[in-house]
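Peer 1: The structure's right below; bear with me while I get my questions together.
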Amino acid sequence: MVAADSRASMGGYISSQSVKKIIEINPYMLGTMAGGAADCQFWHRNLGIKCRLHALANKRRISVSGASKLLANMLYSYRGMGLSVGTMIAGWDETGPGLYYVDNEGGRLKGDRFSVGSGSPYAYGVLDSGYKYDMSVEETSELARRSIYHATFRDGASGGVASVYHVGPEGWTKLSGDDVEELHYHYYPVAPAIAEQVMEEATAE
Amino acid sequence: MECVFGLVGNGFAIVAADTSAVHSILLHKNKEDKIMVLDSHKLVAASGEPGDRVQFTEYVQKNVSLYQFRNGLPLTTAAAANFTRGELATALRKNPYSVNILMAGYDKEAGASLYYIDYIATLHKVDKGAFGYGSYFSLSTMDRHYRSDMSVEEAIELVDKCILEIRSRLVIAPPNFVIKIVDKNGAREYDWRITTVDA
């Protein structure tokens, strides 16, 4: 399950509330965007090209491990040159589901769950406390949505729309895209205020 | 910070490393294996920047394999350590790798050996060594209790003493450690010391 917000900021200015941070590398692999938008978009597109070339040359799909290693090696060769990429590569291959964290320093980690970006500590708090390995798809998508919402609540650089994608044996599907403002009132509805004193209109006498 | 330490015993060498993958204040993963099995009878415990650590140790591993394919003979531990140091030295004044390495190996002639290789390409053959903030605690503990002909059980006791000291005294102590051993039967994982399973 992959989820992301959609806010882009330039310092204190919110430049966009509708950025696609979940990048569709190919029909069975997704990448997430954190850090520099241009770097993430470009290198994920480049990774998609390399994955397609691998499939054509080897007559079978590239594994998630292989795809993430290609990206990590590419980013490593540019280390020290100021790239800013914090991404997760999620996909499905012969060994089942795969999730890798890759960053611009060349680090690459295999794991069961990750959170990346400025709002990541907040998301980890919700994600870790609600996570079990054997959850249903509905439970997991709600946990993912909730994690993004809580991160957008506390982190100024996160906001916009919480998108949730599911990755399965047949590939990925988009499950939902909810505006986090609406999610806030959905999770914390405003109780109607009981007015103690009501101002009356003064009638012209 | 990353803690790596190791020591040589009677016909074996042991290395232990923490298993935390950290990014500023975030712990991304607490089961990251930082001790690579270089070949059948060599271990490389590495600490340093995440990209450099994996890329450099894999580079060394592939070159050691290539030598074996080309020449039909494995490299000795001393040769592999000197090769590693040479690569670090060549890169040092251009594009340095920030990796500290403890290389442990077993050769039929030389027996068990441990090599200390730091990020500025220092190379020493040692009986015990350590890197990271944990070294402030593990080095003196090892100095006090180490003997050159320790059995595996005694060495593991010493490793556990060091891990306990690191856990109790280091302010951001890593929760989990992995211990690997190399002896005449080969290089293999010995055990894990886990306090925190993933949430």
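Lettering and numbering for the structure tokens are positional, with chains as A, B, ... in the shown order, residues counted from 1 in each chain, and ligands counted from 1 in the shown order.
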Sorted by chain and rising residue number, list the residues of chain A at most 10 Å from chain B (counting only C-alpha atoms), each with its closest atom pair and distance in Å to one decimal, as JSON lines.

Peer 2:
{"residue": "A:Ala72", "atom": "CA", "partner": "B:Gly51", "partner_atom": "CA", "distance": 8.2}
{"residue": "A:Asn73", "atom": "CA", "partner": "B:Gln55", "partner_atom": "CA", "distance": 8.1}
{"residue": "A:Leu75", "atom": "CA", "partner": "B:Gly51", "partner_atom": "CA", "distance": 9.3}
{"residue": "A:Tyr76", "atom": "CA", "partner": "B:Gly51", "partner_atom": "CA", "distance": 6.6}
{"residue": "A:Ser77", "atom": "CA", "partner": "B:Gly51", "partner_atom": "CA", "distance": 10.0}
{"residue": "A:Arg79", "atom": "CA", "partner": "B:Gly51", "partner_atom": "CA", "distance": 8.8}
{"residue": "A:Gly80", "atom": "CA", "partner": "B:Asn95", "partner_atom": "CA", "distance": 9.4}
{"residue": "A:Tyr101", "atom": "CA", "partner": "B:His28", "partner_atom": "CA", "distance": 8.9}
{"residue": "A:Val102", "atom": "CA", "partner": "B:Gly51", "partner_atom": "CA", "distance": 9.4}
{"residue": "A:Asp103", "atom": "CA", "partner": "B:Gly51", "partner_atom": "CA", "distance": 8.6}
{"residue": "A:Asn104", "atom": "CA", "partner": "B:Gly51", "partner_atom": "CA", "distance": 8.5}
{"residue": "A:Glu105", "atom": "CA", "partner": "B:Gly51", "partner_atom": "CA", "distance": 5.5}
{"residue": "A:Gly106", "atom": "CA", "partner": "B:Gly51", "partner_atom": "CA", "distance": 3.9}
{"residue": "A:Gly107", "atom": "CA", "partner": "B:Gly51", "partner_atom": "CA", "distance": 4.2}
{"residue": "A:Arg108", "atom": "CA", "partner": "B:Gly51", "partner_atom": "CA", "distance": 7.3}
{"residue": "A:Leu109", "atom": "CA", "partner": "B:Lys29", "partner_atom": "CA", "distance": 7.7}
{"residue": "A:Lys110", "atom": "CA", "partner": "B:Lys29", "partner_atom": "CA", "distance": 8.5}
{"residue": "A:Gly111", "atom": "CA", "partner": "B:Lys29", "partner_atom": "CA", "distance": 7.2}
{"residue": "A:Asp112", "atom": "CA", "partner": "B:Lys29", "partner_atom": "CA", "distance": 9.3}
{"residue": "A:Arg113", "atom": "CA", "partner": "B:His28", "partner_atom": "CA", "distance": 8.8}
{"residue": "A:Phe114", "atom": "CA", "partner": "B:His28", "partner_atom": "CA", "distance": 6.7}
{"residue": "A:Ser115", "atom": "CA", "partner": "B:His28", "partner_atom": "CA", "distance": 8.0}
{"residue": "A:Val116", "atom": "CA", "partner": "B:His28", "partner_atom": "CA", "distance": 9.1}
{"residue": "A:Ser120", "atom": "CA", "partner": "B:Leu26", "partner_atom": "CA", "distance": 8.6}
{"residue": "A:Pro121", "atom": "CA", "partner": "B:Leu26", "partner_atom": "CA", "distance": 7.0}
{"residue": "A:Tyr124", "atom": "CA", "partner": "B:Leu26", "partner_atom": "CA", "distance": 9.3}
{"residue": "A:Leu127", "atom": "CA", "partner": "B:Ala199", "partner_atom": "CA", "distance": 9.4}
{"residue": "A:Asp128", "atom": "CA", "partner": "B:Ala199", "partner_atom": "CA", "distance": 5.7}
{"residue": "A:Ser129", "atom": "CA", "partner": "B:Ala199", "partner_atom": "CA", "distance": 7.0}
{"residue": "A:Gly130", "atom": "CA", "partner": "B:Ala199", "partner_atom": "CA", "distance": 9.1}
{"residue": "A:Tyr131", "atom": "CA", "partner": "B:Ala199", "partner_atom": "CA", "distance": 7.7}
{"residue": "A:Lys132", "atom": "CA", "partner": "B:Ala199", "partner_atom": "CA", "distance": 8.7}

Peer 1: Range 85-91 of chain A: which residues within 9 Å, counting only C-alpha atoms, same-chain residues fewer than 6 positions away excluded, as a ChimeraX atom specification?

Peer 2: /A:1-2,28-37,39-40,43,63-65,67-68,75,97-105,114-117,167-169,171-172

Peer 1: Name the residues in contact with Ile62 in chain A at a cut-off of 8 Å, using only C-alpha atoms, excluding same-chain residues fewer than 5 positions from it; report them as a list in words.

Peer 2: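 Non-adjacent residues within range: Cys51, His54, Ala55, Ala67 and Asp93 of chain A.
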
Peer 1: Can you tell me which residues surround Gly9 in chain B at a distance of at most 6 Å, considering only C-alpha atoms, apart from same-chain residues fewer than 2 positions away, and format the answer as a list in words?

Peer 2: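 Non-adjacent residues within range: Gly11, Phe12, Ala13, Ser148, Asp149 and Met150 of chain B.
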
Peer 1: Taking 4 positions as the minimum chain separation for residues in the same chain, which residues sit within 7 Å of Ala187 in chain B when counting only C-alpha atoms? Answer as an mmCIF file with C-alpha atoms, in the first residue's frame.

Peer 2:
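See selection_22.cif below for the written result:
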data_model
loop_
_atom_site.group_PDB
_atom_site.id
_atom_site.type_symbol
_atom_site.label_atom_id
_atom_site.label_comp_id
_atom_site.auth_asym_id
_atom_site.auth_seq_id
_atom_site.Cartn_x
_atom_site.Cartn_y
_atom_site.Cartn_z
ATOM 1 C CA VAL B 37 30.190 -12.233 3.817
ATOM 2 C CA SER B 40 33.623 -18.401 2.029
ATOM 3 C CA HIS B 41 36.146 -17.461 4.752
ATOM 4 C CA LYS B 42 36.003 -13.672 5.045
ATOM 5 C CA LEU B 43 33.737 -11.178 6.740
ATOM 6 C CA ILE B 181 31.998 -15.633 13.110
ATOM 7 C CA VAL B 182 34.672 -16.966 10.742
ATOM 8 C CA ASP B 183 36.749 -20.063 11.403
#

Peer 1: Could you write out, as a ChimeraX atom specification, all the residues of range 4-165 of chain B that DSSP marks as strand (DSSP E)?

Peer 2: /B:4-8,12-18,21-23,26-29,35-39,42-48,99-107,111-117,123-126,128-131

Peer 1: Pull the alpha helix (DSSP H) assignments for range 71-181 of chain B out of DSSP run on the backbone, and list those residues as a ChimeraX atom specification.

Peer 2: /B:71,77-92,135-145,152-169

Peer 1: Could you list, as an NGL selection string, every residue within 9 Å of Phe153 in chain A, counting only C-alpha atoms and ignoring same-chain residues fewer than 6 positions away?

Peer 2: :A and (159 or 180-181 or 184)

Peer 1: Kindly indicate which residue among B:Ile166, B:Ala155, B:Ala45, B:Leu75 lies nearest to Tyr133 in chain B, using only C-alpha atoms for the distances.

Peer 2: B:Ile166

Peer 1: At a cut-off of 8 Å, using only C-alpha atoms, what residues contact Ser6 in chain A? Leave out same-chain residues fewer than 4 positions from it and give the result as a list of chain:residue names.

Peer 2: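 Residues near the query, excluding close chain neighbours: A:Ser16, A:Gln17, A:Ser18, A:Val19, A:Lys20, A:Lys21, A:Ser158, A:Gly159, A:Gly160, A:Val161, A:Ala162, A:Ser163.
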